[in-house]
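S.K.: Contents of query_32.pdb (PDB, C-alpha atoms) are below:
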```pdb
MODEL        1
ATOM      1  CA  MET A   1       0.000   0.000   0.000
ATOM      2  CA  GLU A   2       2.880   2.375   0.805
ATOM      3  CA  ASP A   3       4.407   1.854  -2.649
ATOM      4  CA  ASN A   4       1.027   2.592  -4.190
ATOM      5  CA  CYS A   5       0.698   5.767  -2.073
ATOM      6  CA  PHE A   6       4.247   6.811  -2.994
ATOM      7  CA  ASN A   7       3.512   6.583  -6.708
ATOM      8  CA  GLN A   8       0.371   8.700  -6.463
ATOM      9  CA  THR A   9       0.486  12.369  -7.420
ATOM     10  CA  VAL A  10      -1.910  15.129  -6.571
ATOM     11  CA  PHE A  11      -3.438  16.720  -9.659
ATOM     12  CA  LEU A  12      -3.432  20.497  -9.218
ATOM     13  CA  VAL A  13      -5.287  22.658 -11.713
ATOM     14  CA  THR A  14      -3.064  25.615 -12.638
ATOM     15  CA  LEU A  15      -5.881  28.143 -12.689
ATOM     16  CA  LEU A  16      -7.218  27.076  -9.324
ATOM     17  CA  LEU A  17      -3.754  27.076  -7.844
ATOM     18  CA  ALA A  18      -3.513  30.780  -8.615
ATOM     19  CA  ILE A  19      -7.004  31.320  -7.260
ATOM     20  CA  ALA A  20      -6.177  29.483  -4.058
ATOM     21  CA  ALA A  21      -3.065  31.560  -3.518
ATOM     22  CA  SER A  22      -4.960  34.811  -3.898
ATOM     23  CA  SER A  23      -8.031  33.698  -1.938
ATOM     24  CA  VAL A  24      -6.220  32.959   1.291
ATOM     25  CA  ARG A  25      -4.259  36.165   1.727
ATOM     26  CA  GLY A  26      -4.482  37.163   5.312
ATOM     27  CA  HIS A  27      -4.552  33.547   6.446
ATOM     28  CA  SER A  28      -1.627  31.399   7.503
ATOM     29  CA  THR A  29      -2.775  28.450   5.423
ATOM     30  CA  ARG A  30      -0.956  27.852   2.174
ATOM     31  CA  VAL A  31      -0.770  25.270  -0.573
ATOM     32  CA  GLY A  32       1.997  22.748   0.129
ATOM     33  CA  PHE A  33       2.178  23.444   3.862
ATOM     34  CA  TYR A  34       3.452  19.896   4.499
ATOM     35  CA  SER A  35       5.863  19.704   1.577
ATOM     36  CA  SER A  36       8.892  19.488   3.862
ATOM     37  CA  THR A  37       7.422  18.187   7.137
ATOM     38  CA  CYS A  38       5.278  15.391   5.671
ATOM     39  CA  PRO A  39       5.781  15.233   1.888
ATOM     40  CA  ARG A  40       3.449  12.283   1.337
ATOM     41  CA  ALA A  41       0.581  13.660   3.413
ATOM     42  CA  GLU A  42      -1.737  14.503   0.535
ATOM     43  CA  SER A  43      -1.046  11.271  -1.341
ATOM     44  CA  ILE A  44      -1.693   9.205   1.795
ATOM     45  CA  ILE A  45      -5.031  10.946   2.334
ATOM     46  CA  LYS A  46      -5.945  10.577  -1.325
ATOM     47  CA  SER A  47      -5.213   6.854  -1.418
ATOM     48  CA  THR A  48      -7.132   6.320   1.828
ATOM     49  CA  VAL A  49     -10.215   8.069   0.465
ATOM     50  CA  GLU A  50      -9.918   6.095  -2.769
ATOM     51  CA  SER A  51      -9.747   2.735  -0.994
ATOM     52  CA  HIS A  52     -12.827   3.511   1.125
ATOM     53  CA  PHE A  53     -14.683   4.908  -1.885
ATOM     54  CA  LYS A  54     -14.206   1.633  -3.768
ATOM     55  CA  LEU A  55     -15.978  -0.185  -0.943
ATOM     56  CA  ASP A  56     -18.642   2.464  -0.329
ATOM     57  CA  PRO A  57     -19.109   5.328  -2.835
ATOM     58  CA  THR A  58     -21.467   7.121  -0.429
ATOM     59  CA  ILE A  59     -18.495   8.247   1.653
ATOM     60  CA  ALA A  60     -17.755  10.880  -1.049
ATOM     61  CA  PRO A  61     -20.808  13.064  -0.362
ATOM     62  CA  GLY A  62     -20.445  12.151   3.317
ATOM     63  CA  LEU A  63     -16.954  13.627   3.589
ATOM     64  CA  LEU A  64     -17.916  16.693   1.570
ATOM     65  CA  ARG A  65     -20.869  17.412   3.870
ATOM     66  CA  MET A  66     -18.781  16.746   6.966
ATOM     67  CA  HIS A  67     -16.256  19.397   5.915
ATOM     68  CA  PHE A  68     -19.094  21.867   5.315
ATOM     69  CA  HIS A  69     -20.588  21.151   8.745
ATOM     70  CA  ASP A  70     -17.189  21.482  10.376
ATOM     71  CA  CYS A  71     -16.474  24.885   8.869
ATOM     72  CA  PHE A  72     -19.864  26.397   9.694
ATOM     73  CA  VAL A  73     -19.531  25.585  13.406
ATOM     74  CA  ARG A  74     -16.518  27.110  15.216
ATOM     75  CA  GLY A  75     -14.615  27.313  11.930
ATOM     76  CA  CYS A  76     -12.702  24.609  10.058
ATOM     77  CA  ASP A  77     -11.061  23.010  13.100
ATOM     78  CA  ALA A  78     -12.225  19.363  12.994
ATOM     79  CA  SER A  79     -14.518  19.900  15.990
ATOM     80  CA  ILE A  80     -17.110  17.798  14.142
ATOM     81  CA  LEU A  81     -14.839  14.764  14.650
ATOM     82  CA  ILE A  82     -14.620  14.913  18.454
ATOM     83  CA  ASP A  83     -16.540  12.261  20.388
ATOM     84  CA  GLY A  84     -18.658  13.112  23.408
ATOM     85  CA  PRO A  85     -22.238  12.923  24.673
ATOM     86  CA  ASN A  86     -22.876  16.564  23.722
ATOM     87  CA  ALA A  87     -20.357  16.982  20.898
ATOM     88  CA  GLU A  88     -21.201  18.511  17.501
ATOM     89  CA  LYS A  89     -21.610  15.123  15.879
ATOM     90  CA  THR A  90     -24.581  14.401  18.199
ATOM     91  CA  ALA A  91     -26.571  17.422  17.010
ATOM     92  CA  PRO A  92     -29.659  16.712  14.871
ATOM     93  CA  ALA A  93     -28.035  18.502  11.926
ATOM     94  CA  SER A  94     -25.142  16.024  12.051
ATOM     95  CA  GLN A  95     -27.081  12.776  12.424
ATOM     96  CA  PHE A  96     -26.687  11.604   8.824
ATOM     97  CA  LEU A  97     -23.012  12.532   8.377
ATOM     98  CA  LYS A  98     -20.673   9.697   7.461
ATOM     99  CA  GLY A  99     -17.001   9.181   6.701
ATOM    100  CA  TYR A 100     -15.537   9.311  10.214
ATOM    101  CA  LYS A 101     -13.718   6.009   9.705
ATOM    102  CA  VAL A 102     -12.033   7.362   6.573
ATOM    103  CA  ILE A 103     -10.573  10.270   8.548
ATOM    104  CA  ASP A 104      -9.492   7.956  11.377
ATOM    105  CA  ASP A 105      -7.794   5.621   8.904
ATOM    106  CA  ALA A 106      -5.919   8.462   7.204
ATOM    107  CA  LYS A 107      -4.881   9.905  10.563
ATOM    108  CA  PHE A 108      -3.531   6.539  11.728
ATOM    109  CA  GLN A 109      -1.376   6.233   8.607
ATOM    110  CA  LEU A 110      -0.151   9.819   8.894
ATOM    111  CA  GLU A 111       0.801   9.361  12.544
ATOM    112  CA  CYS A 112       2.952   6.406  11.460
ATOM    113  CA  GLU A 113       4.497   8.438   8.652
ATOM    114  CA  CYS A 114       5.044  11.767  10.445
ATOM    115  CA  PRO A 115       3.741  11.831  14.031
ATOM    116  CA  GLY A 116       2.136  15.000  15.340
ATOM    117  CA  VAL A 117       2.388  16.929  12.087
ATOM    118  CA  VAL A 118      -0.816  16.758  10.032
ATOM    119  CA  SER A 119      -3.990  18.124  11.600
ATOM    120  CA  CYS A 120      -7.360  16.419  11.459
ATOM    121  CA  ALA A 121      -8.818  19.655  10.080
ATOM    122  CA  ASP A 122      -6.484  19.467   7.088
ATOM    123  CA  ILE A 123      -7.210  15.772   6.569
ATOM    124  CA  LEU A 124     -10.911  16.595   6.334
ATOM    125  CA  ALA A 125     -10.348  19.506   3.939
ATOM    126  CA  LEU A 126      -8.203  17.367   1.641
ATOM    127  CA  ALA A 127     -10.541  14.379   1.848
ATOM    128  CA  ALA A 128     -13.462  16.601   0.784
ATOM    129  CA  ARG A 129     -11.528  17.700  -2.310
ATOM    130  CA  ASP A 130     -10.541  14.119  -3.133
ATOM    131  CA  SER A 131     -14.187  13.043  -2.794
ATOM    132  CA  VAL A 132     -15.235  15.549  -5.461
ATOM    133  CA  VAL A 133     -12.528  14.267  -7.803
ATOM    134  CA  LEU A 134     -13.641  10.654  -7.288
ATOM    135  CA  THR A 135     -17.151  11.630  -8.399
ATOM    136  CA  LYS A 136     -15.798  13.138 -11.634
ATOM    137  CA  GLY A 137     -15.495  16.710 -10.414
ATOM    138  CA  THR A 138     -12.461  18.930 -10.972
ATOM    139  CA  SER A 139      -9.589  19.120  -8.498
ATOM    140  CA  TRP A 140      -8.383  22.292  -6.823
ATOM    141  CA  ALA A 141      -5.379  23.224  -4.718
ATOM    142  CA  VAL A 142      -6.209  23.031  -1.011
ATOM    143  CA  PRO A 143      -4.347  25.456   1.259
ATOM    144  CA  THR A 144      -3.277  23.645   4.436
ATOM    145  CA  GLY A 145      -1.839  24.552   7.814
ATOM    146  CA  ARG A 146      -5.020  24.444   9.920
ATOM    147  CA  ARG A 147      -4.795  23.323  13.509
ATOM    148  CA  ASP A 148      -7.397  21.365  15.436
ATOM    149  CA  GLY A 149      -9.864  22.832  17.895
ATOM    150  CA  THR A 150     -10.338  21.538  21.424
ATOM    151  CA  VAL A 151     -14.023  22.334  21.918
ATOM    152  CA  SER A 152     -17.061  20.609  20.407
ATOM    153  CA  ASN A 153     -20.621  21.405  21.495
ATOM    154  CA  ALA A 154     -23.820  20.278  19.817
ATOM    155  CA  SER A 155     -25.450  23.542  20.903
ATOM    156  CA  ASP A 156     -23.036  25.505  18.696
ATOM    157  CA  THR A 157     -24.834  24.194  15.622
ATOM    158  CA  ASP A 158     -27.908  26.233  16.554
ATOM    159  CA  GLY A 159     -28.190  29.290  14.360
ATOM    160  CA  ASN A 160     -24.999  28.485  12.437
ATOM    161  CA  MET A 161     -25.897  25.547  10.216
ATOM    162  CA  PRO A 162     -28.085  26.278   7.195
ATOM    163  CA  GLY A 163     -31.407  24.447   7.546
ATOM    164  CA  PHE A 164     -33.511  22.630   4.975
ATOM    165  CA  GLN A 165     -36.473  24.931   5.712
ATOM    166  CA  ASP A 166     -34.490  28.185   5.657
ATOM    167  CA  THR A 167     -35.644  30.991   3.419
ATOM    168  CA  VAL A 168     -33.167  32.362   0.897
ATOM    169  CA  ASP A 169     -32.765  35.505   2.976
ATOM    170  CA  VAL A 170     -31.842  33.439   6.037
ATOM    171  CA  LEU A 171     -29.399  31.389   3.964
ATOM    172  CA  LYS A 172     -27.792  34.572   2.663
ATOM    173  CA  GLN A 173     -27.417  35.854   6.226
ATOM    174  CA  LYS A 174     -25.834  32.623   7.477
ATOM    175  CA  PHE A 175     -23.376  32.496   4.598
ATOM    176  CA  ALA A 176     -22.566  36.216   4.895
ATOM    177  CA  ALA A 177     -21.791  35.692   8.585
ATOM    178  CA  LYS A 178     -19.040  33.319   7.460
ATOM    179  CA  GLY A 179     -17.640  35.681   4.831
ATOM    180  CA  LEU A 180     -19.378  33.964   1.923
ATOM    181  CA  ASN A 181     -21.452  35.766  -0.690
ATOM    182  CA  THR A 182     -24.526  34.755  -2.693
ATOM    183  CA  ARG A 183     -22.443  33.221  -5.462
ATOM    184  CA  ASP A 184     -20.700  31.060  -2.863
ATOM    185  CA  LEU A 185     -24.090  30.102  -1.436
ATOM    186  CA  VAL A 186     -25.461  28.783  -4.725
ATOM    187  CA  THR A 187     -22.149  27.184  -5.630
ATOM    188  CA  LEU A 188     -21.722  25.318  -2.357
ATOM    189  CA  VAL A 189     -25.345  24.154  -2.260
ATOM    190  CA  GLY A 190     -24.485  22.670  -5.648
ATOM    191  CA  ALA A 191     -22.615  19.985  -3.693
ATOM    192  CA  HIS A 192     -26.053  18.362  -3.505
ATOM    193  CA  THR A 193     -25.315  17.092  -6.999
ATOM    194  CA  ILE A 194     -23.997  14.024  -5.133
ATOM    195  CA  GLY A 195     -25.491  12.280  -2.146
ATOM    196  CA  THR A 196     -28.891  11.760  -0.577
ATOM    197  CA  ALA A 197     -31.370  13.191   1.913
ATOM    198  CA  ALA A 198     -33.542  11.298   4.381
ATOM    199  CA  CYS A 199     -37.291  11.261   3.742
ATOM    200  CA  GLU A 200     -37.832  13.001   7.072
ATOM    201  CA  VAL A 201     -35.980  16.043   5.747
ATOM    202  CA  PHE A 202     -38.521  16.810   3.020
ATOM    203  CA  SER A 203     -41.578  14.514   3.265
ATOM    204  CA  TYR A 204     -43.589  17.300   4.957
ATOM    205  CA  ARG A 205     -43.640  18.940   1.525
ATOM    206  CA  LEU A 206     -45.517  15.964   0.069
ATOM    207  CA  TYR A 207     -48.501  15.701   2.383
ATOM    208  CA  ASN A 208     -50.857  18.409   3.690
ATOM    209  CA  PHE A 209     -48.332  21.144   2.946
ATOM    210  CA  THR A 210     -51.290  23.311   1.958
ATOM    211  CA  SER A 211     -55.030  22.807   2.203
ATOM    212  CA  THR A 212     -54.930  21.302  -1.273
ATOM    213  CA  GLY A 213     -51.985  18.950  -0.834
ATOM    214  CA  ALA A 214     -48.278  19.033  -1.691
ATOM    215  CA  ASP A 215     -45.898  21.983  -1.869
ATOM    216  CA  PRO A 216     -46.903  23.811  -5.079
ATOM    217  CA  SER A 217     -43.257  24.576  -5.869
ATOM    218  CA  ILE A 218     -42.682  20.861  -6.559
ATOM    219  CA  ASN A 219     -43.228  19.777 -10.150
ATOM    220  CA  PRO A 220     -46.683  18.089  -9.999
ATOM    221  CA  ALA A 221     -45.449  15.110 -12.009
ATOM    222  CA  PHE A 222     -42.625  14.666  -9.487
ATOM    223  CA  VAL A 223     -44.855  14.622  -6.400
ATOM    224  CA  SER A 224     -46.227  11.119  -6.975
ATOM    225  CA  HIS A 225     -42.698   9.841  -7.589
ATOM    226  CA  LEU A 226     -41.514  11.208  -4.251
ATOM    227  CA  GLN A 227     -44.614   9.962  -2.457
ATOM    228  CA  ALA A 228     -43.879   6.453  -3.728
ATOM    229  CA  LEU A 229     -40.337   6.715  -2.378
ATOM    230  CA  CYS A 230     -41.416   8.262   0.934
ATOM    231  CA  PRO A 231     -44.890   7.001   1.898
ATOM    232  CA  GLN A 232     -46.623   9.008   4.605
ATOM    233  CA  ASN A 233     -45.828   7.920   8.181
ATOM    234  CA  ARG A 234     -43.285   5.341   7.047
ATOM    235  CA  ASP A 235     -39.495   5.036   7.492
ATOM    236  CA  GLY A 236     -38.233   8.623   7.680
ATOM    237  CA  SER A 237     -34.596   7.548   7.534
ATOM    238  CA  ARG A 238     -34.835   6.196   3.982
ATOM    239  CA  GLN A 239     -32.319   7.962   1.762
ATOM    240  CA  ILE A 240     -33.349   9.589  -1.517
ATOM    241  CA  ALA A 241     -30.978  10.967  -4.166
ATOM    242  CA  LEU A 242     -30.695  14.769  -4.103
ATOM    243  CA  ASP A 243     -29.909  14.850  -7.819
ATOM    244  CA  THR A 244     -32.456  12.997  -9.931
ATOM    245  CA  GLY A 245     -30.253  12.983 -13.016
ATOM    246  CA  SER A 246     -26.830  11.800 -11.821
ATOM    247  CA  ALA A 247     -26.636  11.351  -8.054
ATOM    248  CA  ASP A 248     -23.153   9.829  -8.183
ATOM    249  CA  ARG A 249     -21.558  12.346 -10.537
ATOM    250  CA  PHE A 250     -20.358  15.853  -9.695
ATOM    251  CA  ASP A 251     -22.011  17.944 -12.400
ATOM    252  CA  THR A 252     -24.709  20.570 -13.024
ATOM    253  CA  SER A 253     -27.645  18.167 -13.153
ATOM    254  CA  PHE A 254     -28.694  19.351  -9.681
ATOM    255  CA  PHE A 255     -29.252  22.875 -11.000
ATOM    256  CA  ALA A 256     -31.386  21.509 -13.838
ATOM    257  CA  ASP A 257     -33.537  19.850 -11.178
ATOM    258  CA  LEU A 258     -34.130  23.227  -9.523
ATOM    259  CA  ARG A 259     -35.205  24.718 -12.839
ATOM    260  CA  GLU A 260     -37.662  21.845 -13.324
ATOM    261  CA  GLY A 261     -39.144  22.015  -9.803
ATOM    262  CA  LYS A 262     -37.397  18.861  -8.635
ATOM    263  CA  GLY A 263     -35.335  20.230  -5.761
ATOM    264  CA  ILE A 264     -35.638  17.829  -2.806
ATOM    265  CA  PRO A 265     -35.090  20.004   0.325
ATOM    266  CA  GLU A 266     -37.282  23.089   0.372
ATOM    267  CA  SER A 267     -34.253  25.340   0.856
ATOM    268  CA  ASP A 268     -32.729  23.973  -2.351
ATOM    269  CA  GLN A 269     -35.816  24.616  -4.469
ATOM    270  CA  ARG A 270     -36.081  28.140  -3.086
ATOM    271  CA  LEU A 271     -32.861  29.041  -4.901
ATOM    272  CA  TRP A 272     -35.001  29.129  -8.046
ATOM    273  CA  THR A 273     -37.498  31.587  -6.542
ATOM    274  CA  ASP A 274     -35.078  34.349  -5.487
ATOM    275  CA  ASP A 275     -34.001  36.660  -8.308
ATOM    276  CA  LEU A 276     -30.305  36.723  -7.373
ATOM    277  CA  THR A 277     -29.824  33.050  -6.544
ATOM    278  CA  LYS A 278     -31.844  32.067  -9.626
ATOM    279  CA  LYS A 279     -29.476  34.128 -11.755
ATOM    280  CA  PHE A 280     -26.505  32.048 -10.574
ATOM    281  CA  VAL A 281     -28.385  28.786 -11.100
ATOM    282  CA  GLN A 282     -29.114  29.897 -14.656
ATOM    283  CA  ARG A 283     -25.490  30.868 -15.246
ATOM    284  CA  PHE A 284     -24.304  27.433 -14.144
ATOM    285  CA  LEU A 285     -26.712  25.930 -16.664
ATOM    286  CA  GLU A 286     -25.519  28.239 -19.452
ATOM    287  CA  VAL A 287     -23.298  25.990 -21.587
ATOM    288  CA  ARG A 288     -21.921  28.750 -23.777
ATOM    289  CA  GLY A 289     -21.867  32.512 -23.845
ATOM    290  CA  SER A 290     -20.568  35.359 -21.744
ATOM    291  CA  LEU A 291     -23.123  34.776 -18.975
ATOM    292  CA  GLY A 292     -22.104  31.184 -18.354
ATOM    293  CA  LEU A 293     -20.171  30.057 -15.292
ATOM    294  CA  SER A 294     -18.138  26.879 -14.893
ATOM    295  CA  PHE A 295     -19.582  25.123 -11.857
ATOM    296  CA  ASN A 296     -16.429  23.089 -11.254
ATOM    297  CA  VAL A 297     -14.167  26.137 -11.329
ATOM    298  CA  GLU A 298     -16.469  28.172  -9.104
ATOM    299  CA  PHE A 299     -16.845  25.275  -6.692
ATOM    300  CA  GLY A 300     -13.083  25.082  -6.155
ATOM    301  CA  LYS A 301     -12.935  28.835  -5.491
ATOM    302  CA  SER A 302     -15.819  28.751  -3.015
ATOM    303  CA  MET A 303     -14.406  25.696  -1.236
ATOM    304  CA  VAL A 304     -11.103  27.492  -0.701
ATOM    305  CA  LYS A 305     -12.977  30.423   0.839
ATOM    306  CA  MET A 306     -15.126  28.178   3.003
ATOM    307  CA  SER A 307     -12.187  26.068   4.163
ATOM    308  CA  ASN A 308     -10.567  29.188   5.620
ATOM    309  CA  ILE A 309     -13.488  30.162   7.852
ATOM    310  CA  GLU A 310     -12.143  31.004  11.315
ATOM    311  CA  VAL A 311      -9.165  28.679  10.930
ATOM    312  CA  LYS A 312      -6.760  28.090  13.785
ATOM    313  CA  THR A 313      -3.122  28.395  12.773
ATOM    314  CA  GLY A 314       0.279  29.025  14.328
ATOM    315  CA  THR A 315       0.081  28.256  18.045
ATOM    316  CA  MET A 316      -3.720  28.170  18.210
ATOM    317  CA  GLY A 317      -5.398  24.865  18.941
ATOM    318  CA  GLU A 318      -3.407  21.650  18.630
ATOM    319  CA  ILE A 319      -2.520  18.761  16.351
ATOM    320  CA  ARG A 320      -4.613  15.886  17.644
ATOM    321  CA  LYS A 321      -3.045  12.452  17.914
ATOM    322  CA  VAL A 322      -6.454  10.859  17.410
ATOM    323  CA  CYS A 323      -9.105  12.824  15.547
ATOM    324  CA  SER A 324     -11.986  11.748  17.760
ATOM    325  CA  LYS A 325     -10.552  13.105  20.992
ATOM    326  CA  VAL A 326      -8.652  16.104  22.304
ATOM    327  CA  ASN A 327      -5.052  15.506  23.364
ATOM    328  CA  GLU A 328      -4.349  14.870  27.044
ATOM    329  CA  TYR A 329      -1.593  16.963  28.563
TER     330      TYR A 329
ENDMDL
END
```
In structure tokens, how does this file's structure come out?
M.R.:
Amino acid sequence: MEDNCFNQTVFLVTLLLAIAASSVRGHSTRVGFYSSTCPRAESIIKSTVESHFKLDPTIAPGLLRMHFHDCFVRGCDASILIDGPNAEKTAPASQFLKGYKVIDDAKFQLECECPGVVSCADILALAARDSVVLTKGTSWAVPTGRRDGTVSNASDTDGNMPGFQDTVDVLKQKFAAKGLNTRDLVTLVGAHTIGTAACEVFSYRLYNFTSTGADPSINPAFVSHLQALCPQNRDGSRQIALDTGSADRFDTSFFADLREGKGIPESDQRLWTDDLTKKFVQRFLEVRGSLGLSFNVEFGKSMVKMSNIEVKTGTMGEIRKVCSKVNEY
């Protein structure tokens, strides 16, 4: 396995490398932070994600969501990974996250390779990028150098995490509070092009939403399809693809769903009802022309911004020995 890891290279897109360098000015993170202290760090993480992905492709959207959740609560400091009866991972918003074992596996290998050097926060940021690549998305250069937090409280998710019933205005406020603009909002929600949502997240839209039945913003022809997948008062934990066109491929099919009234969470579909967010959805769907935007390129830019939310660097925080628990001193 080590020989295989050694022969792996990290594909860095030249344009996004320049973007990453400019996007993180003012932060202490930088691309290639471990180039001298742990040269094989990124290849070890990449090969670990790949091996788990071959066994269970659902870890790709799981790791991507986990990184998002981590950054929106106390910044990108791996607090989502800490165990505890009242830790972040126990919050309702975190109940369907997966991929913890992937991070633990990568951390174990990195501690053998270069003990006490690579943070859990950086492992998660790199694993999220590698997950996008494995689902046919485009790579980007990930600035590293984050340190791990020592506090994790489920209560900190309140008011920070975007919710599936949030209005667009509330979403804009939550993203703005983290230094992210409306373009970032639409771009990052586009991560729903891979992965699933539990019936309990959206089934309220299908039954008695109004006096006449289902949520009128859902395509009428799509309602019966969803009702068949999520019967009323049945298993709310059943997982349904967020992207009806290509749930296992990182592409713009998700945005086409919004245009057609097939957004699964209510907050997703609402992106088509707000003038500004709709404009960005339309631009991602524009194949040619001056108004078009490349979703993959924009996603890399927004991920770099998000991954630098309230990061701990220098002497802040710590480098955990085990990602699920704070170091003992």
S.K.: For a test of reading the model, state the distance in Å between atom CA of Asp122 of chain A and atom CA of His67 of chain A, rounded to one decimal.
M.R.: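 So the two atoms, atom CA of Asp122 of chain A and atom CA of His67 of chain A, lie 9.8 Å apart.
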S.K.: Since I can't run it myself right now, could you work out what the PyMOL selection byres ((chain A and resi 158-170) around 7) selects here and report it as a ChimeraX atom specification?
M.R.: /A:72-73,155-157,171-174,265-267,270-271,274
S.K.: Give me the residues near Gly236 of chain A as a PyMOL selection string, where near means some atom within 7 Å (using all atoms listed in the file) and where sequence neighbours in that chain fewer than 5 positions away do not count.
M.R.: chain A and resi 198-200
S.K.: Enter the distance from atom CA of Gln239 of chain A to atom CA of Lys98 of chain A, in Å, rounded to one decimal.
M.R.: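 If I compute the distance from atom CA of Gln239 of chain A to atom CA of Lys98 of chain A, I get 13.1 Å.
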S.K.: Do you know which residues are at most 8 Å from segment 315-323 of chain A counting all atoms listed in the file, after dropping those on the same chain fewer than 2 positions away, and could you put them as a ChimeraX atom specification?
M.R.: /A:78,81-82,103-104,107-108,111,115-120,147-150,312-313,325-327
